[in-house]
Amino acid sequence: MGHESDSNSAGNVIRAERISKVFLHEGTEIWPFREVTLNIRRGELLAIMGPSGSGKSTLLHTLGGIEPPTSGGIWIEDHCVSSMSEKERTLLRRRRVGFIFQSFNLIPTLNVLDNVSLPLTLDGISAKESADRAAEALAKTGMSHRLTHLPTQLSGGEQQRVAIARALVIHPAVVLADEPTGNLDSRRGRDITSLLRQLAHDNRQTVVVVTHDFRVASQSDRVIVLLDGHVTYDGKPGSDEELMATMRQESEA
Amino acid sequence: MIPRAYFWNTLRLRPIRTCLSLISVAGAVAAVMAVLQSTIATRMQMNDLHSTLDSPVNMEIIATDTGPFAQDDIAAVMKSDEYVAVPIFRVFTKVVAGSRASRCLTVGMNSDDYGRVHDVQIVSGRTATEFGEVCLAASVAEHLRVGPGDEVEIGAKGLPWLLKKKVVGVYQVPVTEQVNDSATVLTTLDDAARLGKSRGKVNAVLIRLTGDRSEWREQSVRESVQAQLPKSLMVTQSAAASDLSRPTEAMIGVGLNVAAILSVIASVFIVFNSSQMSVTERQGQLAVMRIIGATDDQIRSMLYREALLIGLAGTVLGILPGIAGSAFLEQGMRDVLGFRKMQSVALQPLSVIVGIAFGPLVTMISIWFPAKTACVTPPMQVLKGGSVGKPILTRRLTLTLGVAFFIIASVFFALTWLKIAPWVTSIVAIACLEIASVLLLPELIAPMAVLYFRIAGWFAPIEAGLGHRQLIDKFQRTIVTVAVLFVVSATSICVGITTFSVTQNIESWVERTVDADFILFATRPSADMSDATSLPLELKDEIRQLPGITMVDEVSFCFASVNERSAMLAVQEFDLHRTIPIDLIQGDMSTLQDRLQEGEVLLGSVLANLLQVGLDDTVTIQVGESVDTAKVAGIVREYTAGGLMMQMDSRPAKERFPIPDPQVYGINSRPEDAASVAESLKTIAGQHGLVYQSLADLKNMIRSMVEAITSRLFLILVLALVIAAFAIVNSLTMNVIEQTRYLGLLRVVGLLQSQAFRLFLCQAVFLGAMGIIPGVLIGTVMSYLTTNSFGGITDHGVTFVAAPELLAGYVVCGVVLSLLAAVLPATRAARLRPLEAIHEE
Ligand SMILES: Nc1ncnc2c1ncn2[C@@H]1O[C@H](COP(=O)(O)OP(=O)(O)O)[C@@H](O)[C@H]1O
Ligand SMILES: [Mg+2]
């Protein structure tokens, strides 16, 4: 799948225009990213890379509507996230955005099935239907056999599969994953990576993944590199050998 | 909607948290119920204690010359909604039945008035309604061996012959009322007036207030009655054995209100603390829910529903302990006081209703702030483990508020001291002081922590260092925990020491003024009695011979005039008493004995007022034909003879004045012989037709009542502490949970299980000590101020009695409980398996 910039907004799931974010910390301003413009196309598997503290997570959360940008505009499927109220953003996240975290973030007091059906239940969908849909999502991530287990009874890789199912269960416009393999050993990490890739390719599911792992990046359709709050690279993995080499070094360090 | 599964699983899968929440609500509900219950119970009991010591008669109208007066003179004041007025005629009589005779006070009153002022219970027969009928006190009837239907003959001073009367009934007044002036013969008004040679007249009107019997009300009634009376009549305070009664009731009222208010504050604090912890613990989960699409409303309504459930369940759990606590109190009271006419303290609907409403309501309110915080803080910030929002109470703000409250408290105190504001203001001031202290407490915690952990570091450097860091890192939580303990301790100690002081004061007042164990008399002195019947002289020796007798004090009463005004002179042997049995208002107790021995006199306050004389003034006294002057050595509170009373020591009095033979013997015995002495005295009284009274019984009753109150008090205080200790459990559990990873890491790098355990014990001792020790100190100050503010209610005030053993016991219990509270979280910390802990998020 090509990455040539598409001016047709219909092809873009997320459109970000000149977005900036500033935190005020004890009087000084911290700019995790500045004037970033980004279009994410439907079905694309996008990897965001960059050294620690370069603003990847903040960018991801802002794109997903967890936090509003300080300036600039964000559209998710033509909904203008940047001008929404907190509640509207919440409802949008509930229906259109799936999140996956490094630390899984499952609800420890809910079993696997309930964890996955949670976004649907929150949306008022009947228990029966949400359970069915959750089971379906869990099947996709290969977790059908553990429906009644509690998160603490699962391994890390299994927990992340459940978290992925929870992100998928709403059939989101986009799945945003922040270092999903960061807490896993390399084998589980590879499993999760290929699962994400498979989802993106088989289901034309848009996935944005923040990662340090060069192997993850190399399997993606497109990589952007964030340095000091600016996009310094935007292209196919491996097309800028020099940059990629630095990134590789860093990820292996 | 947040699924029901979450709701139930949260409660089910976190049993410790659920238990802690339930216990804090149940504890608070039980505490509120028990405190209210014991407040009401103690108030009832105190009222009873006072009605025991106190005459139900609030005041009397008598003539200034103490003689009879026409009923027309008092017609204007007889009808009122505010009080019951009963005209009576009192006369000292001799009642004869065959060969037996008894000297006693006869009171005439209309039969309708029986029981309107005194608690007269007819034992057999009926009341005297017709002329010529009498009703005898049970003791007199027994002595004379007569009953309804028999005839007796009654004579009075100045009557040349005995009059025949028909006994129609036998009555009793409660033992307790006999301490005062009770009649031993009741008859019609007309009968008594004729015995007193004053047909158609009365010589006193007893007035009993209806409803509120507070001192200020009595004062206003007294003034309005006095205003309507002719100059020849005056209103006196009734001969109350306990003038302490009304002001003390008011004091207890204040004290108990303070208790109730403060304990509610403390309970609210605990529930708030628990709710805060319960939400903070789950802030990560709540943040995740918000990220995946739970709206603030959904989160909030879930938390409120949970709070309601916890509140209801906690209340249900708290009711039983509350009732048990109340029942325990009631049973205790009855054990101690069951032998007397004592109101049984039933479970009060008020305390149950307040308790039931309190639980869910306070729990719901307590969730408001944590719920708000949970929804306001950006979810990612929570997940990153950053500080959760800004605390609404910053250090700067608490400091400012603390100082402000302190100033408010001081101003209010100043206003009450200067008597600009009513005494109620001082209660507000005390509450302000407590709030000020709790707000200023954080300023103390950090430096004290440095000191404490430095000392602890000598014994366990690693644990102390880690413990210190954790408490300072989670300073907000540390403050809240310490604050809970502080509020509970300060409150309990304030209430405890105040109650203790009041009971000690009552006890010592009784010990002071009721000196004799037993008294024997023929007729009691009263307003209109200038010459009571003398006791047989040989009796004193006979009594002295009894084994175990330590003192026989002769008391004589005689008619005298002081600066030309009639009064009664009471003479007794003051030097026999270790402490002079009077209630001195003005004068110096330390030199009093000497001054009395030199022939100086004590004046009743009413008399001193009438005469316009004060301490060290000289008065002219006339008894019979003898006239002499004497200096006033003291002014005493004394209501015998309507306060128109003067007291002298027997030796100097006899040297100067013709003092009649003694009419009352005050007798003391060794405690171990009390029972046999009592028996002998009863026999002697029977043989001579005298009245016998045991004041020892009265004193013992009061003593055991005070003991009962004190021991139960301590129990209640410790109970409050137990509930407060849950704050420590809460706080430390949170510390363990939050630091699970950190602790795991430490364990991996070699922190021993025992060290992890000690780490939390070390913290618990600090939290406990920081809350309890300042709490006890401030509580004592608050109690001191409370007892002093009683001075505004009454000129008595209450002497502050700090019971060091009570305070020390409390601190020790507190620290031990803190250690116990740490065991659960500390064990949890020690049991963490290092690797799992690292992975747990
Ligand atoms: N809530 C916040 N307040 C202040 N600074 C923040 C906050 N969140 C992130 N930052 C800062 O923004 C920068 C980017 O953070 P982040 O997006 O987490 O980087 P990355 O995920 O690339 O490691 C960092 O310097 C971080 O300190
Ligand atoms: Mg990051």
# chains A, B, ... in the order shown; residues from 1 in each chain; ligands from 1
$ closest_atom_pairs --of "chain A" --to "ligand 2" --cutoff "10 Å" --atoms "only C-alpha atoms and all ligand atoms" --output "CSV"
residue,atom,partner,partner_atom_place_in_ligand_line,distance
A:Met49,CA,ligand 2,1 (Mg),10.0
A:Gly50,CA,ligand 2,1 (Mg),9.5
A:Pro51,CA,ligand 2,1 (Mg),9.2
A:Ser52,CA,ligand 2,1 (Mg),6.6
A:Gly53,CA,ligand 2,1 (Mg),6.7
A:Ser54,CA,ligand 2,1 (Mg),8.2
A:Gly55,CA,ligand 2,1 (Mg),7.0
A:Lys56,CA,ligand 2,1 (Mg),5.7
A:Ser57,CA,ligand 2,1 (Mg),4.2
A:Thr58,CA,ligand 2,1 (Mg),7.3
A:Leu59,CA,ligand 2,1 (Mg),9.3
A:Leu60,CA,ligand 2,1 (Mg),9.0
A:His61,CA,ligand 2,1 (Mg),9.9
A:Phe101,CA,ligand 2,1 (Mg),9.7
A:Gln102,CA,ligand 2,1 (Mg),8.9
A:Asp178,CA,ligand 2,1 (Mg),6.8
A:Glu179,CA,ligand 2,1 (Mg),7.3
A:Val210,CA,ligand 2,1 (Mg),7.7
A:Thr211,CA,ligand 2,1 (Mg),8.6
A:His212,CA,ligand 2,1 (Mg),9.4
$ closest_atom_pairs --of "chain B" --to "chain A" --cutoff "6 Å" --atoms "only C-alpha atoms" --output "Markdown table"
| residue | atom | partner | partner_atom | distance |
| --- | --- | --- | --- | --- |
| B:Met1 | CA | A:Leu122 | CA | 4.3 |
| B:Ile2 | CA | A:Leu122 | CA | 5.4 |
| B:Tyr6 | CA | A:Leu110 | CA | 5.9 |
| B:Asn9 | CA | A:Thr109 | CA | 5.5 |
| B:Thr10 | CA | A:Thr109 | CA | 5.7 |
| B:Gln285 | CA | A:Ile107 | CA | 5.8 |
| B:Ile292 | CA | A:Arg94 | CA | 5.4 |
| B:Gly293 | CA | A:Arg94 | CA | 3.8 |
$ write_last_selection --atoms "N, CA and C atoms" --output "PDB file, in the first residue's frame"
ATOM      1  N   MET B   1     -23.597   2.106  30.284  1.00  0.00           N
ATOM      2  CA  MET B   1     -23.576   1.886  31.726  1.00  0.00           C
ATOM      3  C   MET B   1     -22.382   1.031  32.118  1.00  0.00           C
ATOM      4  N   ILE B   2     -21.829   1.356  33.256  1.00  0.00           N
ATOM      5  CA  ILE B   2     -20.742   0.516  33.754  1.00  0.00           C
ATOM      6  C   ILE B   2     -21.369  -0.789  34.233  1.00  0.00           C
ATOM      7  N   TYR B   6     -18.876  -5.174  37.245  1.00  0.00           N
ATOM      8  CA  TYR B   6     -17.785  -4.382  37.816  1.00  0.00           C
ATOM      9  C   TYR B   6     -18.109  -4.014  39.262  1.00  0.00           C
ATOM     10  N   ASN B   9     -18.002  -7.190  41.429  1.00  0.00           N
ATOM     11  CA  ASN B   9     -16.659  -7.739  41.540  1.00  0.00           C
ATOM     12  C   ASN B   9     -15.742  -6.838  42.349  1.00  0.00           C
ATOM     13  N   THR B  10     -15.975  -5.531  42.185  1.00  0.00           N
ATOM     14  CA  THR B  10     -15.148  -4.584  42.940  1.00  0.00           C
ATOM     15  C   THR B  10     -15.288  -4.841  44.429  1.00  0.00           C
ATOM     16  N   GLN B 285      -7.945   2.292  37.296  1.00  0.00           N
ATOM     17  CA  GLN B 285      -9.039   1.620  36.578  1.00  0.00           C
ATOM     18  C   GLN B 285     -10.037   2.626  36.049  1.00  0.00           C
ATOM     19  N   ILE B 292     -11.506   4.469  27.537  1.00  0.00           N
ATOM     20  CA  ILE B 292     -12.233   3.657  26.556  1.00  0.00           C
ATOM     21  C   ILE B 292     -13.692   4.060  26.465  1.00  0.00           C
ATOM     22  N   GLY B 293     -14.062   5.169  27.072  1.00  0.00           N
ATOM     23  CA  GLY B 293     -15.369   5.728  26.747  1.00  0.00           C
ATOM     24  C   GLY B 293     -16.383   5.841  27.856  1.00  0.00           C
TER      25      GLY B 293
END
$ select_by_dssp --residues "segment 87-199 of chain A" --states "strand (DSSP E)" --output "ChimeraX atom specification"
/A:97-100,174-178
$ closest_residue --among "A:Ala16, A:Val225, A:Leu46, A:Ala173" --to "ligand 1" --atoms "only C-alpha atoms and all ligand atoms"
A:Val225
$ select_by_dssp --residues "segment 204-236 of chain A" --states "alpha helix (DSSP H)" --output "short mmCIF file (atom, residue, chain, number, x, y, z; two decimals) with C-alpha atoms, in the first residue's frame"
data_model
loop_
_atom_site.label_atom_id
_atom_site.label_comp_id
_atom_site.auth_asym_id
_atom_site.auth_seq_id
_atom_site.Cartn_x
_atom_site.Cartn_y
_atom_site.Cartn_z
CA PHE A 214 12.58 -1.58 14.88
CA ARG A 215 11.17 -4.93 13.87
CA VAL A 216 7.68 -3.64 14.48
CA ALA A 217 8.44 -0.60 12.40
CA SER A 218 9.81 -2.63 9.57
#
$ closest_residue --among "B:Gln228, B:Gln381, B:Thr400, B:Ser139" --to "ligand 1" --atoms "only C-alpha atoms and all ligand atoms"
B:Gln381
